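One structure below.
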2 protein chains.
Amino acid sequence: MPCDIDRFLEDLDTLRRIGAYKTGVHRPTYSPQDMESRHWLAARLAEAGLEPTIDGIGNVFGRHKGEGPHVLAGSHLETQNHAGWLDGALGVVSALALARAGLPVDVCAYADEESHFGGGFLGSRSLVGALSDANIDAATNRYDGTPLRTALAQAGLAGRPRLALEQDRYLGAFEMHIEQGTQLERAGKRIGVVSGIVGVRQWLISFEGKQDHTGGTTMEERRDAGLAAVRFLAALDEAFPRIRGERSTWTTGRIALDPNAPHVIPGRAEVTFQFRDISDAVLDRMEDCLRALVLEANRRDRCPATLSPIARIEPALCEERFQQAFASAAEEIAPGCAQAMPSGAIHDSQLIARKLPMAMLFVPSKDGVSHHWTEDTDRDDLALGMKVLFEGVRRILA
Amino acid sequence: MPCDIDRFLEDLDTLRRIGAYKTGVHRPTYSPQDMESRHWLAARLAEAGLEPTIDGIGNVFGRHKGEGPHVLAGSHLETQNHAGWLDGALGVVSALALARAGLPVDVCAYADEESHFGGGFLGSRSLVGALSDANIDAATNRYDGTPLRTALAQAGLAGRPRLALEQDRYLGAFEMHIEQGTQLERAGKRIGVVSGIVGVRQWLISFEGKQDHTGGTTMEERRDAGLAAVRFLAALDEAFPRIRGERSTWTTGRIALDPNAPHVIPGRAEVTFQFRDISDAVLDRMEDCLRALVLEANRRDRCPATLSPIARIEPALCEERFQQAFASAAEEIAPGCAQAMPSGAIHDSQLIARKLPMAMLFVPSKDGVSHHWTEDTDRDDLALGMKVLFEGVRRILA
């Protein structure tokens, strides 16, 4: 059976109306709109001949009823607040289209990839056995503090069992997603064959100074923790470019001075810093550099710096032969349209990669916008992505 | 009449009990404790033979009933929240002691030097004609937003006229204060003969970048406003030492990134920066340097920087002959105990200086602590300060 591209686009348009907000969508995890979208998907899965389940964490799963070998495909249904219509939805609806085209595909919408609840990635973590009942008991909504257990109960999911991934059932897992960057657009490409998903290492660096009066305290005697943080970050800004990988990113998202008042020398400063790369060797190099900078700061500066790891996610490489299948499919369908590239953003596929070989495909994000209601991709690019995904998965299954 | 040092110390101890908090004092402007201290002072002024008034902005004024020439002496009664027992109280009680010793002194406790109400220095500004009714209408309490008019009414001050400084009445104005720094302690000195009060220029520097995803946005394409702020502050940290005055201070008290979230490239950053010096030439040099750094940032960086002045206070030099009188008094009473030094902190005397020649004396702050309930000064140093103040003012009047 060929892949019904028109139906695929219609499904995206239909799903877009659930929780619509301007030209985007507001579907926070387990909200009424989010649950409506989950029930909508379950009905579509049944129509496509799959056995639908909504499990105890909200994963929507469609199990292919025929013989294998099988593949798994999907993404997420919920959105960031007041965000876009394609982030997650694209991967879910394209997976549905694969199933409808008769491929032996299980479809999954993994719950809370958008991390409304502390920890995040609840659905994919649950599937791969990385979400305990204690984790669920402890998790709360990071916008309003609602306990996850409460939200699950209100969504009608309390007491349902949680599905586990049947590792031996699948050849691999696939996810199509918007790029959430501008690399495809800038390069004039229409398909991103993802080489892997970056690992992330996140840190808290804190500086201890002495809170004091800005006027009464001389420059020589003061211990300004804010200035220590600035000097450290400036040194980091010089050092990292020398040891980076080609596509590494590093970012200080948050700086917090205490008391952060105009007339007071900051007695304390905190910096939240992270770096990302697809290569463990590069990540280790960046970590070594960071540690060396902290040692040097403590040698030179008068405000002791302390480095604490906050979080760590391992890189996940995409299966080589899957990449080749997608690359050749793209080359056949629209020659010159594709490029290889890493994913700088974390996806459910990174969790699934713990159990299965996986691959991802990107379509362009207009102006790189994501997590905003203006997020968009040309319909022609969406259609091309669907065709490449279908042809690539078909080749992998053959 | 000699100066009654014991009575001076007793008065400090009595005043300390009004609004006592641990070993310090909590007397926010116009609070019940603050008003109690004002009425206490008015009674003490009457006892000392002065004509007491509490004016429409809360200034407590004691007018000497005899012939001139007169001098003006005082400081402030209110405290920072949960702060010390001497900051302001020392200057008020020492002025009372001068009056009680029979010197032709008018005594004033200037309202809200501690700036609980927006703008601050209400009392001294009012006396020198720099506080309009419109200013009062607009001012609110910066901790809880209470309108100043409401606070004045609740304190029983509504409708009272505000006093104006009679410029021709006085030879000069004097204020004794704790140092609020550690220079006297470090130098082993017990008296600071203040050379002048620094001028302050305060600025807002804002940086416009582009908010984006930390992982999906390459280093080459991102416009990180937080990084632009760090680079700017690092350049400032290198440049200012080269053009500073000997006792200049410069401080970044506040850094605000937007959205200040760990996984988001900051799209905007604001820095609140100030510098202080006693010399206009040095202040101008620092301002020129700051402006040049902003120009350079806009030449090199991709996040436009904007410089906006927030506030400006002019330096106020202490009258040379008053300084000499205090220095020689100190040398006679306790040889080698005094040093000349600027005041890095702003005081009411800076406002009074617009109308009168003035001088200030400092006593040591133990460990430089101020604006905290552990603030303290040895009783021997308090006594020495009182003796030097008395002898100095006596010589000036002679």
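Numbering starts fresh at 1 for the residues of each chain in the structure tokens, the chains themselves are lettered A, B, ... in the order given, and ligands are numbered from 1 as they appear.
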
Please report as JSON lines every residue of chain B lying within 6 Å of chain A, along with the nearest atom pair and their distance in Å (one decimal), using only C-alpha atoms.
{"residue": "B:Gln180", "atom": "CA", "partner": "A:Gly216", "partner_atom": "CA", "distance": 5.8}
{"residue": "B:Gly181", "atom": "CA", "partner": "A:Gly216", "partner_atom": "CA", "distance": 5.1}
{"residue": "B:Gly215", "atom": "CA", "partner": "A:Gly344", "partner_atom": "CA", "distance": 4.1}
{"residue": "B:Gly216", "atom": "CA", "partner": "A:Gly344", "partner_atom": "CA", "distance": 4.4}
{"residue": "B:Thr217", "atom": "CA", "partner": "A:Gly181", "partner_atom": "CA", "distance": 5.5}
{"residue": "B:Met219", "atom": "CA", "partner": "A:Thr249", "partner_atom": "CA", "distance": 6.0}
{"residue": "B:Val230", "atom": "CA", "partner": "A:Val230", "partner_atom": "CA", "distance": 5.5}
{"residue": "B:Thr249", "atom": "CA", "partner": "A:Met219", "partner_atom": "CA", "distance": 6.0}
{"residue": "B:Gly253", "atom": "CA", "partner": "A:Pro262", "partner_atom": "CA", "distance": 4.4}
{"residue": "B:Arg254", "atom": "CA", "partner": "A:Asn260", "partner_atom": "CA", "distance": 4.4}
{"residue": "B:Asn260", "atom": "CA", "partner": "A:Arg254", "partner_atom": "CA", "distance": 4.4}
{"residue": "B:Ala261", "atom": "CA", "partner": "A:Gly253", "partner_atom": "CA", "distance": 5.3}
{"residue": "B:Pro262", "atom": "CA", "partner": "A:Gly253", "partner_atom": "CA", "distance": 4.4}
{"residue": "B:His263", "atom": "CA", "partner": "A:Gly253", "partner_atom": "CA", "distance": 6.0}
{"residue": "B:Val264", "atom": "CA", "partner": "A:Gly253", "partner_atom": "CA", "distance": 5.5}
{"residue": "B:Ile265", "atom": "CA", "partner": "A:Gly253", "partner_atom": "CA", "distance": 5.6}
{"residue": "B:Thr272", "atom": "CA", "partner": "A:Pro262", "partner_atom": "CA", "distance": 6.0}
{"residue": "B:Gly344", "atom": "CA", "partner": "A:Gly215", "partner_atom": "CA", "distance": 4.1}
{"residue": "B:Ala345", "atom": "CA", "partner": "A:Gly215", "partner_atom": "CA", "distance": 4.9}

Secondary structure check, helix (DSSP H, G or I) residues of stretch 173-206 of chain A, as a compact mmCIF listing (two decimals) with N, CA and C atoms, in the first residue's frame:
# COMPACT_ATOMS: atom_id res chain seq x y z
N GLN A 183 19.40 25.12 10.93
CA GLN A 183 20.49 24.61 10.10
C GLN A 183 20.00 24.14 8.72
N LEU A 184 18.85 23.45 8.70
CA LEU A 184 18.33 23.00 7.40
C LEU A 184 17.99 24.20 6.53
N GLU A 185 17.31 25.17 7.12
CA GLU A 185 16.91 26.36 6.39
C GLU A 185 18.13 27.08 5.81
N ARG A 186 19.16 27.27 6.66
CA ARG A 186 20.35 27.98 6.23
C ARG A 186 21.09 27.23 5.13
N ALA A 187 21.06 25.88 5.21
CA ALA A 187 21.79 25.09 4.22
C ALA A 187 20.94 24.83 2.98

Exercise for the section: Kindly give the distance, in Å, that separates atom CA of A:Leu50 and atom CA of A:Ile396, rounded to a single decimal. Expected result: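 Going from atom CA of A:Leu50 over to atom CA of A:Ile396 covers 20.8 Å.
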
Practice task
Using only C-alpha atoms, determine which residues lie at most 8 Å from stretch 141-152 of chain A, disregarding the query and same-chain residues fewer than 3 positions distant; provide the list as a ChimeraX atom specification.
Solution key: /A:30,56-58,116-118,136-138,155-158

Problem - Interatomic distance (Å, one decimal) between atom CA of B:Pro32 and atom CA of B:Ile18 - result: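 That distance, rounded to one decimal, is 9.7 Å.
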
Exercise for the section: Find the spatial neighbours of stretch 72-83 of chain B, counting only C-alpha atoms, within a cut-off of 7 Å - ignore same-chain residues fewer than 6 positions away - and output them as an MDAnalysis selection string. Expected result: chainID B and resid 21 24:29 34 89 91:92 95 105:114 170 172:175 348 371:373

Please produce an output containing C-alpha atoms for each residue in the selection, written as a short mmCIF file (atom, residue, chain, number, x, y, z; two decimals), in the first residue's frame.
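Below is the file selection.cif, written as the result:
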data_model
loop_
_atom_site.label_atom_id
_atom_site.label_comp_id
_atom_site.auth_asym_id
_atom_site.auth_seq_id
_atom_site.Cartn_x
_atom_site.Cartn_y
_atom_site.Cartn_z
CA TYR B 21 15.96 43.31 67.76
CA GLY B 24 20.38 45.59 67.07
CA VAL B 25 17.30 47.59 66.22
CA HIS B 26 14.34 47.30 63.84
CA ARG B 27 12.89 50.80 63.41
CA PRO B 28 11.53 51.24 59.90
CA THR B 29 10.59 54.81 58.97
CA ASP B 34 10.28 54.87 64.81
CA ALA B 89 21.52 57.01 66.24
CA GLY B 91 24.87 61.19 65.06
CA VAL B 92 21.56 62.14 66.65
CA ALA B 95 24.23 66.18 68.55
CA VAL B 105 23.57 73.78 68.37
CA ASP B 106 20.35 73.04 66.52
CA VAL B 107 19.75 69.30 66.48
CA CYS B 108 18.04 67.41 63.67
CA ALA B 109 17.04 63.81 63.05
CA TYR B 110 16.49 63.74 59.27
CA ALA B 111 13.64 61.43 58.26
CA ASP B 112 14.15 58.31 56.17
CA GLU B 113 17.84 58.54 55.38
CA GLU B 114 17.54 54.75 55.18
CA TYR B 170 24.56 78.40 60.66
CA GLY B 172 28.13 74.78 59.36
CA ALA B 173 26.60 71.36 59.81
CA PHE B 174 28.12 68.28 61.47
CA GLU B 175 27.39 64.60 61.53
CA ASP B 348 22.18 63.25 54.95
CA HIS B 371 22.87 47.14 57.97
CA HIS B 372 22.89 44.07 60.19
CA TRP B 373 21.94 43.58 63.83
#

Handout entry: For A:Pro357, the nearest of the candidates A:Asp168, A:Asp380, A:Asp87, A:Glu332, counting only C-alpha atoms
Key =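 Ranking A:Asp168, A:Asp380, A:Asp87, A:Glu332 by distance to A:Pro357, first place goes to A:Asp168.
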
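Residues with any atom within 12 Å of B:Lys355, counting only C-alpha atoms and excluding same-chain neighbours fewer than 2 positions away, are Leu72, Ser124, Arg125, Leu127, Val128, Gly129, Ala130, Ala164, Leu165, Glu166, Gln167, Asp168, Arg169, Tyr170, Leu171, Gly172, Ala173, Ala316, Ser349, Gln350, Leu351, Ile352, Ala353, Pro357 and Met358 of chain B.
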
Problem - In stretch 158-386 of chain B, DSSP strand (DSSP E) residues written as a ChimeraX atom specification - result: /B:170-178,191-197,199-208,212-213,249-258,264-265,268-277,305-313,316-317,338-343,358-363
